[in-house]
Amino acid sequence: MNSIDLIRDNLRKSREIALARIEDMREHGTVFPTPNGGAHTLWLLGHLAYIEGLVISEFLCGEQNPLATWKELFDGDDVSADIRAFPPFDEVLSTCHTMRESTLELLDSLTEADLDGPSAACPEGFDDCFGTARQCFQYVADHWYMHRGQLADARRAAGLDRMWV
């Protein structure tokens, strides 16, 4: 297996694993994972979509993040408890699916050698994370995996059973 296939598989699996947990939380989307707040499921869903646009559209391609208007809501340390501040759950979920499909389409247009090409707008000092196409694609897959713990905590706080895969 070459690395482009591994990245494609990681993108597919991270989507399946994270979204299974998220979609099951539709009715509990704003339950905070701890008594002190934290990242509720609706915020995590929007955050995943926003960061995917940031890394792939902005850093890799040098284009504007198609979700740039979501920055204040989904890319900060403060997660709002005001449900009125958020787009509807299904809208955010649909956007998240669209972002991942766009990422996979871009990946499918590249060759293994293309993955070593430089990113168009890697932030200064972050070459080791976003310096090449390969790093950007792998980062977005890893980012979805990284948030599984927060999703597990939100599920537990909502009284839902643990998901095993």
# chains A, B, ... in the order shown; residues from 1 in each chain; ligands from 1
>>> residues_around(residues="Val140 (chain A)", least_positions_apart="6", cutoff="9 Å", atoms="only C-alpha atoms", output="list in words")
Leu11, Leu48, Ile51, Glu52, Val55 and Ile56 of chain A
>>> write_last_selection(atoms="N, CA and C atoms", output="mmCIF file, in the first residue's frame")
data_model
loop_
_atom_site.group_PDB
_atom_site.id
_atom_site.type_symbol
_atom_site.label_atom_id
_atom_site.label_comp_id
_atom_site.auth_asym_id
_atom_site.auth_seq_id
_atom_site.Cartn_x
_atom_site.Cartn_y
_atom_site.Cartn_z
ATOM 1 N N LEU A 11 -8.800 8.969 6.294
ATOM 2 C CA LEU A 11 -9.868 9.958 6.147
ATOM 3 C C LEU A 11 -11.240 9.289 6.200
ATOM 4 N N LEU A 48 -14.823 20.498 13.559
ATOM 5 C CA LEU A 48 -14.196 19.569 12.617
ATOM 6 C C LEU A 48 -14.320 20.087 11.192
ATOM 7 N N ILE A 51 -12.100 23.425 10.755
ATOM 8 C CA ILE A 51 -10.659 23.156 10.703
ATOM 9 C C ILE A 51 -10.289 22.436 9.411
ATOM 10 N N GLU A 52 -11.156 21.562 8.921
ATOM 11 C CA GLU A 52 -10.876 20.899 7.645
ATOM 12 C C GLU A 52 -10.756 21.940 6.535
ATOM 13 N N VAL A 55 -7.378 23.909 7.047
ATOM 14 C CA VAL A 55 -6.165 23.180 6.677
ATOM 15 C C VAL A 55 -6.112 22.898 5.171
ATOM 16 N N ILE A 56 -7.211 22.418 4.611
ATOM 17 C CA ILE A 56 -7.186 22.025 3.199
ATOM 18 C C ILE A 56 -7.313 23.242 2.276
#
>>> select_by_dssp(residues="chain A", states="alpha helix (DSSP H)", output="PyMOL selection string")
chain A and resi 3-23+41-52+71-74+89-108+127-130+133-146+148-157
>>> residues_around(residues="region 87-98 of chain A", least_positions_apart="6", cutoff="8 Å", atoms="only C-alpha atoms", output="PyMOL selection string")
chain A and resi 26+29+42+45-46+48-49
>>> write_last_selection(atoms="C-alpha atoms", output="mmCIF file, in the first residue's frame")
data_model
loop_
_atom_site.group_PDB
_atom_site.id
_atom_site.type_symbol
_atom_site.label_atom_id
_atom_site.label_comp_id
_atom_site.auth_asym_id
_atom_site.auth_seq_id
_atom_site.Cartn_x
_atom_site.Cartn_y
_atom_site.Cartn_z
ATOM 1 C CA ARG A 26 -28.355 14.580 17.581
ATOM 2 C CA GLY A 29 -25.960 18.001 20.755
ATOM 3 C CA LEU A 42 -22.595 20.472 18.073
ATOM 4 C CA LEU A 45 -19.061 18.953 14.632
ATOM 5 C CA GLY A 46 -18.712 22.539 13.438
ATOM 6 C CA LEU A 48 -14.196 19.569 12.617
ATOM 7 C CA ALA A 49 -15.713 21.081 9.471
#
>>> residues_around(residues="Arg162 (chain A)", least_positions_apart="3", cutoff="8 Å", atoms="only C-alpha atoms", output="list in words")
Ala152, Arg155 and Arg156 of chain A
>>> closest_residue(among="A:Arg100, A:His40, A:His28, A:Arg12", to="Gln150 (chain A)", atoms="only C-alpha atoms")
A:His40
>>> residues_around(residues="region 14-17 of chain A", least_positions_apart="5", cutoff="8 Å", atoms="only C-alpha atoms", output="MDAnalysis selection string")
chainID A and resid 100 141:142 144:145 165
>>> write_last_selection(atoms="C-alpha atoms", output="PDB file, in the first residue's frame")
ATOM      1  CA  ARG A 100     -14.899  15.717   3.934  1.00  0.00           C
ATOM      2  CA  ALA A 141      -7.772  12.688   9.520  1.00  0.00           C
ATOM      3  CA  ASP A 142      -5.889  12.788  12.827  1.00  0.00           C
ATOM      4  CA  TRP A 144     -11.124  13.910  13.787  1.00  0.00           C
ATOM      5  CA  TYR A 145      -9.587  11.021  15.758  1.00  0.00           C
ATOM      6  CA  VAL A 165     -15.328   1.050  17.419  1.00  0.00           C
TER       7      VAL A 165
END
>>> closest_residue(among="A:Glu63, A:Asp24, A:Asp116, A:Asp153", to="Gly131 (chain A)", atoms="only C-alpha atoms")
A:Asp116
>>> residues_around(residues="region 64-78 of chain A", least_positions_apart="3", cutoff="7 Å", atoms="only C-alpha atoms", output="PyMOL selection string")
chain A and resi 43+46-47+50+53-54+57-58
>>> atom_distance(atom1="CA of Glu101 (chain A)", atom2="CA of Ile4 (chain A)")
15.8 Å
>>> atom_distance(atom1="CA of His143 (chain A)", atom2="CA of Lys13 (chain A)")
12.2 Å
>>> decode(residues="region 19-51 of chain A", atoms="N, CA and C atoms", output="compact mmCIF listing (two decimals), in the first residue's frame")
# COMPACT_ATOMS: atom_id res chain seq x y z
N LEU A 19 -18.33 10.42 13.05
CA LEU A 19 -19.72 10.76 12.74
C LEU A 19 -20.72 9.77 13.32
N ALA A 20 -20.33 8.52 13.52
CA ALA A 20 -21.24 7.58 14.18
C ALA A 20 -21.56 8.07 15.59
N ARG A 21 -20.56 8.58 16.28
CA ARG A 21 -20.76 9.10 17.63
C ARG A 21 -21.55 10.41 17.61
N ILE A 22 -21.25 11.25 16.65
CA ILE A 22 -21.90 12.55 16.55
C ILE A 22 -23.37 12.39 16.16
N GLU A 23 -23.64 11.60 15.14
CA GLU A 23 -25.02 11.46 14.67
C GLU A 23 -25.91 10.85 15.75
N ASP A 24 -25.35 9.99 16.56
CA ASP A 24 -26.10 9.38 17.66
C ASP A 24 -26.41 10.40 18.76
N MET A 25 -25.73 11.54 18.74
CA MET A 25 -25.91 12.58 19.76
C MET A 25 -26.84 13.70 19.29
N ARG A 26 -27.51 13.53 18.16
CA ARG A 26 -28.36 14.58 17.58
C ARG A 26 -29.28 15.21 18.63
N GLU A 27 -29.92 14.41 19.45
CA GLU A 27 -30.87 14.92 20.44
C GLU A 27 -30.17 15.45 21.70
N HIS A 28 -28.86 15.30 21.77
CA HIS A 28 -28.09 15.72 22.94
C HIS A 28 -26.92 16.61 22.51
N GLY A 29 -27.07 17.29 21.39
CA GLY A 29 -25.96 18.00 20.75
C GLY A 29 -25.32 19.10 21.57
N THR A 30 -26.04 19.65 22.54
CA THR A 30 -25.45 20.73 23.34
C THR A 30 -25.22 20.35 24.80
N VAL A 31 -25.19 19.05 25.07
CA VAL A 31 -24.84 18.59 26.42
C VAL A 31 -23.34 18.77 26.61
N PHE A 32 -22.97 19.54 27.62
CA PHE A 32 -21.55 19.75 27.89
C PHE A 32 -20.95 18.47 28.47
N PRO A 33 -19.70 18.16 28.11
CA PRO A 33 -19.08 16.92 28.56
C PRO A 33 -18.67 16.90 30.02
N THR A 34 -18.59 18.07 30.64
CA THR A 34 -18.21 18.13 32.06
C THR A 34 -19.08 19.16 32.77
N PRO A 35 -19.12 19.12 34.09
CA PRO A 35 -19.86 20.16 34.83
C PRO A 35 -19.29 21.55 34.62
N ASN A 36 -18.05 21.62 34.16
CA ASN A 36 -17.39 22.90 33.90
C ASN A 36 -17.46 23.32 32.45
N GLY A 37 -18.33 22.71 31.67
CA GLY A 37 -18.45 23.05 30.25
C GLY A 37 -17.63 22.12 29.39
N GLY A 38 -17.00 22.70 28.40
CA GLY A 38 -16.21 21.92 27.45
C GLY A 38 -16.84 21.95 26.08
N ALA A 39 -16.37 21.11 25.22
CA ALA A 39 -16.81 21.10 23.83
C ALA A 39 -18.00 20.15 23.65
N HIS A 40 -19.20 20.73 23.54
CA HIS A 40 -20.37 19.89 23.29
C HIS A 40 -20.34 19.41 21.83
N THR A 41 -21.16 18.44 21.54
CA THR A 41 -21.11 17.73 20.25
C THR A 41 -21.38 18.65 19.07
N LEU A 42 -22.32 19.56 19.19
CA LEU A 42 -22.60 20.47 18.07
C LEU A 42 -21.38 21.35 17.78
N TRP A 43 -20.72 21.82 18.83
CA TRP A 43 -19.51 22.61 18.63
C TRP A 43 -18.42 21.76 17.97
N LEU A 44 -18.24 20.54 18.45
CA LEU A 44 -17.21 19.67 17.87
C LEU A 44 -17.47 19.43 16.39
N LEU A 45 -18.71 19.20 16.02
CA LEU A 45 -19.06 18.95 14.63
C LEU A 45 -18.69 20.15 13.76
N GLY A 46 -19.07 21.34 14.19
CA GLY A 46 -18.71 22.54 13.44
C GLY A 46 -17.22 22.78 13.43
N HIS A 47 -16.56 22.50 14.54
CA HIS A 47 -15.11 22.66 14.65
C HIS A 47 -14.39 21.74 13.66
N LEU A 48 -14.82 20.50 13.56
CA LEU A 48 -14.20 19.57 12.62
C LEU A 48 -14.32 20.09 11.19
N ALA A 49 -15.50 20.56 10.83
CA ALA A 49 -15.71 21.08 9.47
C ALA A 49 -14.88 22.34 9.24
N TYR A 50 -14.91 23.26 10.19
CA TYR A 50 -14.17 24.51 10.05
C TYR A 50 -12.66 24.25 9.89
N ILE A 51 -12.10 23.42 10.76
CA ILE A 51 -10.66 23.16 10.70
C ILE A 51 -10.29 22.44 9.41
